[in-house]
$ cat query12.txt   # compact mmCIF, C-alpha atoms and all ligand atoms
# COMPACT_ATOMS: atom_id res chain seq x y z
CA MET A 464 -9.66 10.59 20.82
CA ASP A 465 -11.62 7.72 19.31
CA VAL A 466 -10.68 6.35 15.91
CA LYS A 467 -14.40 6.38 15.07
CA ASP A 468 -14.18 10.18 14.91
CA PHE A 469 -11.45 10.15 12.24
CA LYS A 470 -12.81 11.56 8.99
CA ILE A 471 -11.44 11.74 5.47
CA GLN A 472 -12.88 14.31 3.05
CA TRP A 473 -13.27 11.93 0.16
CA PHE A 474 -15.20 12.72 -3.00
CA PRO A 475 -16.14 9.55 -4.83
CA GLY A 476 -16.15 11.36 -8.20
CA HIS A 477 -12.87 9.82 -9.31
CA MET A 478 -14.04 6.36 -8.36
CA THR A 479 -16.32 5.87 -11.39
CA LYS A 480 -13.56 6.94 -13.77
CA ALA A 481 -10.96 4.76 -12.06
CA ARG A 482 -13.30 1.81 -12.08
CA ARG A 483 -14.03 2.15 -15.80
CA MET A 484 -10.34 2.44 -16.57
CA MET A 485 -9.52 -0.57 -14.44
CA GLU A 486 -12.19 -2.66 -16.18
CA ASP A 487 -10.76 -1.68 -19.58
CA GLN A 488 -7.26 -2.63 -18.49
CA LEU A 489 -8.36 -5.90 -16.90
CA ARG A 490 -9.88 -7.02 -20.20
CA LEU A 491 -6.40 -6.95 -21.74
CA VAL A 492 -4.58 -9.13 -19.20
CA ASP A 493 -4.43 -12.76 -18.10
CA VAL A 494 -2.94 -12.37 -14.61
CA VAL A 495 -3.31 -9.57 -12.07
CA VAL A 496 -0.67 -8.69 -9.49
CA GLU A 497 -2.32 -6.93 -6.56
CA LEU A 498 0.22 -4.83 -4.72
CA LEU A 499 -0.61 -4.26 -1.07
CA ASP A 500 1.29 -2.26 1.54
CA ALA A 501 2.89 -4.75 3.95
CA ARG A 502 2.29 -2.27 6.79
CA ILE A 503 -1.45 -2.35 6.14
CA PRO A 504 -2.33 -5.48 4.17
CA ALA A 505 -6.03 -5.21 5.07
CA SER A 506 -6.49 -1.46 4.68
CA SER A 507 -4.74 -1.32 1.29
CA VAL A 508 -7.11 -3.89 -0.23
CA ASN A 509 -9.87 -2.69 -2.48
CA PRO A 510 -12.49 -5.46 -2.41
CA MET A 511 -13.93 -4.25 -5.73
CA LEU A 512 -10.89 -5.66 -7.49
CA ARG A 513 -11.98 -9.21 -6.78
CA GLN A 514 -15.36 -8.45 -8.26
CA MET A 515 -13.88 -6.74 -11.31
CA ALA A 516 -11.19 -9.34 -11.96
CA GLY A 517 -13.70 -12.21 -11.75
CA ASN A 518 -11.93 -15.54 -12.23
CA LYS A 519 -8.71 -14.03 -13.49
CA PRO A 520 -5.67 -15.47 -11.67
CA ARG A 521 -4.44 -13.07 -9.01
CA VAL A 522 -1.15 -12.87 -7.15
CA ILE A 523 -0.71 -10.71 -4.06
CA ALA A 524 2.59 -8.99 -3.31
CA LEU A 525 3.07 -7.31 0.07
CA ASN A 526 5.30 -4.38 -0.85
CA LYS A 527 7.50 -2.18 1.34
CA MET A 528 8.40 -5.23 3.41
CA ASP A 529 11.50 -3.30 4.48
CA MET A 530 9.20 -0.89 6.36
CA ALA A 531 6.88 -3.46 7.93
CA ASP A 532 7.22 -5.51 11.11
CA PRO A 533 8.87 -8.75 9.82
CA VAL A 534 7.05 -10.95 12.35
CA LYS A 535 3.67 -9.64 11.29
CA THR A 536 4.58 -9.87 7.60
CA GLU A 537 5.25 -13.60 8.11
CA ALA A 538 1.93 -13.95 9.90
CA TRP A 539 0.13 -12.15 7.06
CA LEU A 540 1.80 -14.36 4.45
CA CYS A 541 0.73 -17.42 6.42
CA ARG A 542 -2.83 -16.24 6.69
CA LEU A 543 -3.18 -15.33 3.03
CA LYS A 544 -1.61 -18.62 1.95
CA GLN A 545 -4.13 -20.45 4.12
CA GLU A 546 -6.84 -18.60 2.22
CA GLY A 547 -5.39 -20.08 -0.95
CA VAL A 548 -3.98 -16.88 -2.46
CA PRO A 549 -0.54 -16.99 -4.09
CA VAL A 550 1.31 -14.39 -2.03
CA CYS A 551 4.82 -13.16 -1.34
CA SER A 552 6.48 -10.13 0.20
CA VAL A 553 8.60 -7.72 -1.83
CA ASP A 554 10.79 -4.67 -1.52
CA CYS A 555 10.54 -2.89 -4.82
CA HIS A 556 13.36 -0.52 -3.91
CA THR A 557 15.96 -3.28 -3.74
CA GLY A 558 14.12 -5.90 -5.80
CA LYS A 559 13.98 -8.39 -2.92
CA GLY A 560 11.20 -10.93 -3.50
CA VAL A 561 10.47 -9.80 -7.05
CA LYS A 562 11.83 -13.02 -8.60
CA GLN A 563 9.60 -15.08 -6.31
CA MET A 564 6.67 -12.89 -7.33
CA LEU A 565 7.33 -13.62 -11.01
CA ASN A 566 7.49 -17.34 -10.25
CA LEU A 567 4.07 -17.07 -8.61
CA VAL A 568 2.78 -15.25 -11.70
CA LYS A 569 4.09 -18.03 -13.96
CA GLU A 570 2.48 -20.64 -11.73
CA ALA A 571 -0.82 -18.73 -11.70
CA ALA A 572 -0.72 -18.49 -15.49
CA LYS A 573 -0.47 -22.26 -16.02
CA PRO A 574 -4.23 -22.89 -16.28
CA VAL A 575 -4.47 -20.05 -18.84
CA LEU A 576 -1.69 -21.58 -20.93
CA GLU A 577 -3.33 -25.02 -20.72
CA LYS A 578 -6.62 -23.55 -21.92
CA TRP A 579 -4.87 -21.95 -24.88
CA GLN A 580 -3.05 -25.17 -25.69
CA LYS A 581 -6.33 -27.08 -25.79
CA LYS A 582 -7.57 -24.52 -28.29
CA GLY A 583 -4.42 -24.98 -30.32
CA VAL A 584 -3.08 -21.53 -29.45
CA ARG A 585 0.69 -21.55 -29.08
CA ASN A 586 3.37 -18.93 -28.76
CA ARG A 587 1.05 -16.48 -27.07
CA ASP A 588 2.57 -14.46 -24.26
CA VAL A 589 0.87 -14.24 -20.87
CA ARG A 590 -0.04 -10.64 -20.12
CA LEU A 591 -0.06 -9.19 -16.63
CA MET A 592 -0.72 -5.90 -14.93
CA ILE A 593 0.10 -4.36 -11.56
CA VAL A 594 -2.77 -2.89 -9.57
CA GLY A 595 -3.05 -1.18 -6.20
CA VAL A 596 -4.05 1.92 -4.29
CA PRO A 597 -2.01 5.13 -4.72
CA ASN A 598 1.54 5.19 -3.37
CA VAL A 599 1.76 1.44 -2.79
CA GLY A 600 4.73 1.19 -5.16
CA LYS A 601 3.17 0.26 -8.53
CA SER A 602 5.36 2.54 -10.66
CA THR A 603 8.48 1.49 -8.76
CA LEU A 604 7.68 -2.16 -9.44
CA ILE A 605 6.83 -1.57 -13.10
CA ASN A 606 10.05 0.35 -13.60
CA ARG A 607 12.04 -2.37 -11.90
CA LEU A 608 10.45 -5.12 -13.99
CA ALA A 609 10.83 -3.12 -17.17
CA GLY A 610 14.39 -2.15 -16.26
CA ARG A 611 13.68 1.54 -16.24
CA VAL A 612 14.83 4.25 -13.88
CA LYS A 613 12.36 6.98 -14.67
CA ALA A 614 8.69 6.78 -13.74
CA ILE A 615 6.49 6.51 -16.79
CA ALA A 616 3.08 6.01 -15.34
CA SER A 617 0.62 8.62 -14.27
CA ASP A 618 -1.12 7.94 -11.01
CA ARG A 619 -4.21 9.99 -11.68
CA PRO A 620 -7.33 7.95 -12.33
CA GLY A 621 -8.76 8.72 -15.72
CA VAL A 622 -5.53 9.89 -17.32
CA THR A 623 -5.17 7.97 -20.55
CA LYS A 624 -1.94 7.22 -22.32
CA GLN A 625 -0.84 4.86 -25.03
CA LYS A 626 -0.71 1.35 -23.60
CA GLN A 627 2.55 -0.45 -24.01
CA TRP A 628 3.62 -3.99 -23.42
CA VAL A 629 7.03 -4.75 -22.07
CA THR A 630 8.50 -8.24 -22.21
CA ILE A 631 9.81 -8.95 -18.71
CA ALA A 632 10.54 -12.68 -18.96
CA LYS A 633 10.19 -15.39 -21.55
CA GLY A 634 6.51 -15.56 -22.46
CA LEU A 635 5.56 -12.80 -20.00
CA GLU A 636 4.43 -9.31 -20.98
CA LEU A 637 3.69 -6.49 -18.59
CA LEU A 638 1.26 -3.63 -19.17
CA ASP A 639 3.37 -0.55 -18.49
CA THR A 640 0.46 1.41 -17.00
CA PRO A 641 -0.51 0.56 -13.42
CA GLY A 642 -4.11 -0.08 -12.48
CA VAL A 643 -4.97 2.56 -9.92
CA LEU A 644 -7.45 1.36 -7.35
CA TRP A 645 -9.22 3.92 -5.24
CA PRO A 646 -8.74 3.60 -1.49
CA LYS A 647 -11.73 2.44 0.47
CA PHE A 648 -12.85 4.37 3.50
CA GLU A 649 -15.79 2.35 4.74
CA ASP A 650 -14.45 2.29 8.25
CA PRO A 651 -12.45 5.05 9.95
CA GLU A 652 -9.56 2.78 10.94
CA THR A 653 -8.95 1.82 7.31
CA GLY A 654 -8.96 5.52 6.37
CA LEU A 655 -6.55 6.32 9.20
CA HIS A 656 -4.11 3.59 8.17
CA LEU A 657 -4.23 4.69 4.53
CA ALA A 658 -3.59 8.29 5.59
CA LEU A 659 -0.69 7.40 7.88
CA THR A 660 1.09 5.36 5.22
CA GLY A 661 0.64 7.97 2.50
CA ALA A 662 -2.06 6.44 0.29
CA VAL A 663 -4.20 9.58 0.59
CA LYS A 664 -3.13 13.17 0.29
CA ASP A 665 -2.48 15.13 3.50
CA ASP A 666 -5.04 17.84 2.75
CA ILE A 667 -8.13 15.65 3.04
CA TYR A 668 -7.81 14.78 6.72
CA ASP A 669 -6.89 16.42 10.01
CA ARG A 670 -3.21 15.70 10.60
CA ARG A 671 -3.31 16.37 14.34
CA ASN A 672 -6.05 13.79 14.80
CA ALA A 673 -4.21 11.29 12.61
CA VAL A 674 -0.98 11.67 14.59
CA VAL A 675 -2.73 11.44 17.96
CA LEU A 676 -4.43 8.25 16.81
CA LEU A 677 -1.13 6.92 15.49
CA LEU A 678 0.51 7.49 18.88
CA GLN A 679 -2.45 5.83 20.57
CA GLU A 680 -2.02 2.79 18.34
CA LEU A 681 1.76 2.65 18.74
CA LEU A 682 1.44 2.96 22.54
CA GLN A 683 -0.75 -0.09 22.42
CA LYS A 684 1.12 -2.17 19.82
CA TYR A 685 4.76 -0.98 19.92
CA PRO A 686 5.22 0.92 23.22
CA GLN A 687 8.91 0.09 23.69
CA GLN A 688 9.98 1.00 20.18
CA LEU A 689 8.13 4.31 20.41
CA ALA A 690 9.65 5.16 23.79
CA SER A 691 13.19 4.28 22.80
CA PHE A 692 13.04 6.06 19.42
CA TYR A 693 11.96 9.34 21.04
CA ASN A 694 13.83 8.73 24.26
CA ILE A 695 10.74 9.25 26.41
CA THR A 696 9.17 7.34 29.28
CA PRO A 697 5.40 7.25 28.93
CA ALA A 698 3.60 6.70 32.22
CA PRO A 699 1.13 3.80 32.38
CA GLU A 700 -2.24 4.83 30.93
CA GLU A 701 -0.74 8.05 29.60
CA THR A 702 -2.76 9.71 26.85
CA ALA A 703 -1.42 10.10 23.32
CA GLU A 704 -1.76 13.88 23.66
CA THR A 705 0.63 14.05 26.61
CA VAL A 706 3.00 11.59 24.94
CA MET A 707 3.08 13.99 22.01
CA GLU A 708 4.05 16.79 24.39
CA LYS A 709 6.85 14.61 25.79
CA ILE A 710 8.10 13.97 22.25
CA ALA A 711 7.97 17.73 21.53
CA ALA A 712 10.06 18.42 24.62
CA ALA A 713 12.49 15.57 23.94
CA ARG A 714 13.06 16.79 20.39
CA GLY A 715 13.26 20.46 21.34
CA CYS A 716 10.20 21.48 19.31
CA ILE A 717 9.75 24.81 21.11
CA LYS A 718 8.22 28.03 19.78
CA ALA A 719 9.33 31.55 20.64
CA GLY A 720 8.16 32.19 24.20
CA GLY A 721 9.04 28.66 25.29
CA LEU A 722 5.76 26.97 24.30
CA LEU A 723 5.78 23.51 22.75
CA ASP A 724 5.46 23.59 18.96
CA LEU A 725 2.90 20.85 18.43
CA ASN A 726 2.42 21.59 14.72
CA LYS A 727 6.07 20.95 14.08
CA THR A 728 5.95 17.88 16.34
CA GLU A 729 2.99 16.32 14.54
CA GLN A 730 4.64 16.95 11.17
CA MET A 731 7.86 15.33 12.40
CA ILE A 732 6.09 12.28 13.86
CA GLN A 733 4.08 11.78 10.69
CA TYR A 734 7.20 11.97 8.53
CA GLU A 735 9.24 9.67 10.77
CA PHE A 736 6.48 7.09 10.79
CA LYS A 737 5.69 7.28 7.07
CA THR A 738 9.32 6.89 6.06
CA ALA A 739 9.98 4.14 8.66
CA LYS A 740 12.69 6.24 10.31
CA MET A 741 10.82 5.49 13.55
CA GLY A 742 11.04 1.75 12.92
CA ARG A 743 9.31 -1.09 11.14
CA PHE A 744 5.66 -1.20 12.12
CA THR A 745 2.59 -3.03 10.85
CA LEU A 746 -0.70 -1.44 11.79
CA ASP A 747 -3.13 -4.06 10.44
CA GLU A 748 -3.29 -7.20 12.54
CA PRO A 749 -3.22 -10.47 10.62
P1 LIG A 801 2.46 4.19 -6.91
O1 LIG A 801 2.90 4.09 -8.34
O2 LIG A 801 1.74 2.96 -6.45
O3 LIG A 801 1.67 5.41 -6.61
O4 LIG A 801 3.76 4.25 -5.98
P2 LIG A 801 5.26 4.64 -6.36
O5 LIG A 801 5.90 3.57 -7.17
O6 LIG A 801 5.27 6.02 -6.90
O7 LIG A 801 5.92 4.60 -4.91
C1 LIG A 801 5.49 5.46 -3.89
C2 LIG A 801 6.62 5.68 -2.91
O8 LIG A 801 6.95 4.43 -2.28
C3 LIG A 801 7.91 6.15 -3.56
O9 LIG A 801 8.58 6.98 -2.63
C4 LIG A 801 8.69 4.87 -3.74
O10 LIG A 801 10.08 5.11 -3.84
C5 LIG A 801 8.34 4.16 -2.46
N1 LIG A 801 8.48 2.69 -2.53
C6 LIG A 801 8.02 1.86 -3.46
N2 LIG A 801 8.32 0.59 -3.14
C7 LIG A 801 9.00 0.62 -1.99
C8 LIG A 801 9.57 -0.41 -1.14
O11 LIG A 801 9.49 -1.61 -1.36
N3 LIG A 801 10.17 0.04 -0.01
C9 LIG A 801 10.26 1.35 0.33
N4 LIG A 801 10.88 1.67 1.45
N5 LIG A 801 9.72 2.32 -0.45
C10 LIG A 801 9.10 1.95 -1.59
P3 LIG A 801 8.63 8.53 -2.73
O12 LIG A 801 9.28 9.03 -1.50
O13 LIG A 801 7.28 9.06 -3.08
O14 LIG A 801 9.50 8.74 -3.97
P4 LIG A 801 11.07 8.55 -4.10
O15 LIG A 801 11.65 9.66 -3.31
O16 LIG A 801 11.45 7.21 -3.57
O17 LIG A 801 11.29 8.69 -5.56

$ encode --input "query12.txt" --output "structure tokens"
Amino acid sequence: MDVKDFKIQWFPGHMTKARRMMEDQLRLVDVVVELLDARIPASSVNPMLRQMAGNKPRVIALNKMDMADPVKTEAWLCRLKQEGVPVCSVDCHTGKGVKQMLNLVKEAAKPVLEKWQKKGVRNRDVRLMIVGVPNVGKSTLINRLAGRVKAIASDRPGVTKQKQWVTIAKGLELLDTPGVLWPKFEDPETGLHLALTGAVKDDIYDRRNAVVLLLQELLQKYPQQLASFYNITPAPEETAETVMEKIAAARGCIKAGGLLDLNKTEQMIQYEFKTAKMGRFTLDEP
């Protein structure tokens, strides 16, 4: 199968609403933290943010670093730093990297504070918001920064709620509602990577195709890890479809009558990849 044939049934209706909401939120803040998925730092970008945020200082945090290939995360950090973007990697589950992220926010806010000082404005707090595509970890980060356990933010574009500011450090206030960016699907590979990592719902793409393409990609990028996790030995040039059959056999996914249960197998592979049980992989190349 060719990745070019991977399709996502996406209706851009929500996009206009999400965009309007994002523009309203952006007007209220001084610094934007763009949360990307460390497994797919290119696919989880929405280029419209840059346009919408204009000259507002922006910090990038590569989240779910615990699930991504550490070597590639370093390479991504290097590349983004070279581009001049303040960037760090974080694990919002454990809080690793979050302090560094806040330091980057404070650094990015300095020109804003200087501008205020020149105007004689003192004692004004810097306001920031967290933005990103669905499932990237925005609510988890907000809850961590705000010291909350329970999720408070709705992830549906267009759902309004009372905005609240939470003081998270001296002189730093966080908008408690995340900015939800819509995923971009301009090219099929981006759509595939967003689907595989959980940024789009399962019912808008063909799971079998997604899993076959995932295996194809893993065979190319992480062949040893894939083989050892499933305890299989793929032959050279073996197709993803037959590798999937080997995985089904190795895991005992058999239907009544002795046939391989490929539905169950694809579901299992998808879950084990998405939750990093299979290992730490990065699909986007730096
Ligand atoms: P969102 O607001 O951007 O939509 O994302 P949200 O915080 O709801 O996080 C989506 C999923 O990603 C959650 O898992 C969350 O726990 C998980 N997550 C967030 N940050 C990290 C991280 O740094 N590392 C790992 N490994 N996972 C992270 P879930 O299964 O949907 O929910 P839950 O069972 O964890 O509550």

$ atom_distance --input "query12.txt" --atom1 "atom CA of A:Val553" --atom2 "atom C8 of ligand LIG 801 (chain A)"
7.4 Å

$ closest_residue --input "query12.txt" --among "A:Asp639, A:Glu700, A:Asp500, A:Glu537" --to "A:Leu659" --atoms "all atoms listed in the file"
A:Asp500

$ residues_near_point --input "query12.txt" --point "(4.2, -16.2, -11.7)" --cutoff "10 Å" --atoms "all atoms listed in the file" --output "PDB file with C-alpha atoms, in the frame of the given file"
ATOM      1  CA  VAL A 494      -2.940 -12.370 -14.610  1.00  0.00           C
ATOM      2  CA  VAL A 496      -0.670  -8.690  -9.490  1.00  0.00           C
ATOM      3  CA  PRO A 520      -5.670 -15.470 -11.670  1.00  0.00           C
ATOM      4  CA  ARG A 521      -4.440 -13.070  -9.010  1.00  0.00           C
ATOM      5  CA  VAL A 522      -1.150 -12.870  -7.150  1.00  0.00           C
ATOM      6  CA  PRO A 549      -0.540 -16.990  -4.090  1.00  0.00           C
ATOM      7  CA  LYS A 562      11.830 -13.020  -8.600  1.00  0.00           C
ATOM      8  CA  GLN A 563       9.600 -15.080  -6.310  1.00  0.00           C
ATOM      9  CA  MET A 564       6.670 -12.890  -7.330  1.00  0.00           C
ATOM     10  CA  LEU A 565       7.330 -13.620 -11.010  1.00  0.00           C
ATOM     11  CA  ASN A 566       7.490 -17.340 -10.250  1.00  0.00           C
ATOM     12  CA  LEU A 567       4.070 -17.070  -8.610  1.00  0.00           C
ATOM     13  CA  VAL A 568       2.780 -15.250 -11.700  1.00  0.00           C
ATOM     14  CA  LYS A 569       4.090 -18.030 -13.960  1.00  0.00           C
ATOM     15  CA  GLU A 570       2.480 -20.640 -11.730  1.00  0.00           C
ATOM     16  CA  ALA A 571      -0.820 -18.730 -11.700  1.00  0.00           C
ATOM     17  CA  ALA A 572      -0.720 -18.490 -15.490  1.00  0.00           C
ATOM     18  CA  LYS A 573      -0.470 -22.260 -16.020  1.00  0.00           C
ATOM     19  CA  VAL A 589       0.870 -14.240 -20.870  1.00  0.00           C
ATOM     20  CA  LEU A 591      -0.060  -9.190 -16.630  1.00  0.00           C
ATOM     21  CA  LEU A 635       5.560 -12.800 -20.000  1.00  0.00           C
TER      22      LEU A 635
END

$ residues_near_ligand --input "query12.txt" --ligand "ligand LIG 801 (chain A)" --cutoff "6 Å" --atoms "only C-alpha atoms and all ligand atoms" --output "count of residues only"
15

$ closest_residue --input "query12.txt" --among "A:Met464, A:Leu540, A:Ala698, A:His656" --to "A:Lys737" --atoms "only C-alpha atoms"
A:His656

$ closest_residue --input "query12.txt" --among "A:Arg483, A:Arg502, A:Val561, A:Asp493" --to "A:Arg587" --atoms "all atoms listed in the file"
A:Asp493

$ residues_near_point --input "query12.txt" --point "(-6.4, 9.1, 2.6)" --cutoff "9 Å" --atoms "only C-alpha atoms" --output "ChimeraX atom specification"
/A:471-473,646-648,654-668

$ atom_distance --input "query12.txt" --atom1 "atom CA of A:Pro475" --atom2 "atom CA of A:Glu735"
29.8 Å

$ closest_residue --input "query12.txt" --among "A:Arg585, A:Arg590, A:Lys578, A:Lys535" --to "A:Leu489" --atoms "only C-alpha atoms"
A:Arg590

$ closest_residue --input "query12.txt" --among "A:Glu652, A:Glu748, A:Asp669, A:Glu636" --to "A:Val492" --atoms "all atoms listed in the file"
A:Glu636

$ atom_distance --input "query12.txt" --atom1 "atom CA of A:Thr738" --atom2 "atom CA of A:Pro504"
17.1 Å

$ closest_residue --input "query12.txt" --among "A:Arg670, A:Met741, A:Gln488, A:Ser507" --to "A:Thr640" --atoms "only C-alpha atoms"
A:Gln488

$ residues_around --input "query12.txt" --residues "stretch 684-693 of chain A" --least-positions-apart "6" --cutoff "12 Å" --atoms "all atoms listed in the file" --output "VMD selection string"
chain A and resid 532 535 677 to 678 699 to 701 703 706 to 715 728 731 to 732 735 to 736 739 to 748

$ residues_around --input "query12.txt" --residues "A:Leu637" --least-positions-apart "6" --cutoff "9 Å" --atoms "all atoms listed in the file" --output "ChimeraX atom specification"
/A:492,589-593,605,608-609,627-631

$ write_last_selection --input "query12.txt" --atoms "C-alpha atoms" --output "short mmCIF file (atom, residue, chain, number, x, y, z; two decimals), in the coordinates of the input"
data_model
loop_
_atom_site.label_atom_id
_atom_site.label_comp_id
_atom_site.auth_asym_id
_atom_site.auth_seq_id
_atom_site.Cartn_x
_atom_site.Cartn_y
_atom_site.Cartn_z
CA VAL A 492 -4.58 -9.13 -19.20
CA VAL A 589 0.87 -14.24 -20.87
CA ARG A 590 -0.04 -10.64 -20.12
CA LEU A 591 -0.06 -9.19 -16.63
CA MET A 592 -0.72 -5.90 -14.93
CA ILE A 593 0.10 -4.36 -11.56
CA ILE A 605 6.83 -1.57 -13.10
CA LEU A 608 10.45 -5.12 -13.99
CA ALA A 609 10.83 -3.12 -17.17
CA GLN A 627 2.55 -0.45 -24.01
CA TRP A 628 3.62 -3.99 -23.42
CA VAL A 629 7.03 -4.75 -22.07
CA THR A 630 8.50 -8.24 -22.21
CA ILE A 631 9.81 -8.95 -18.71
#
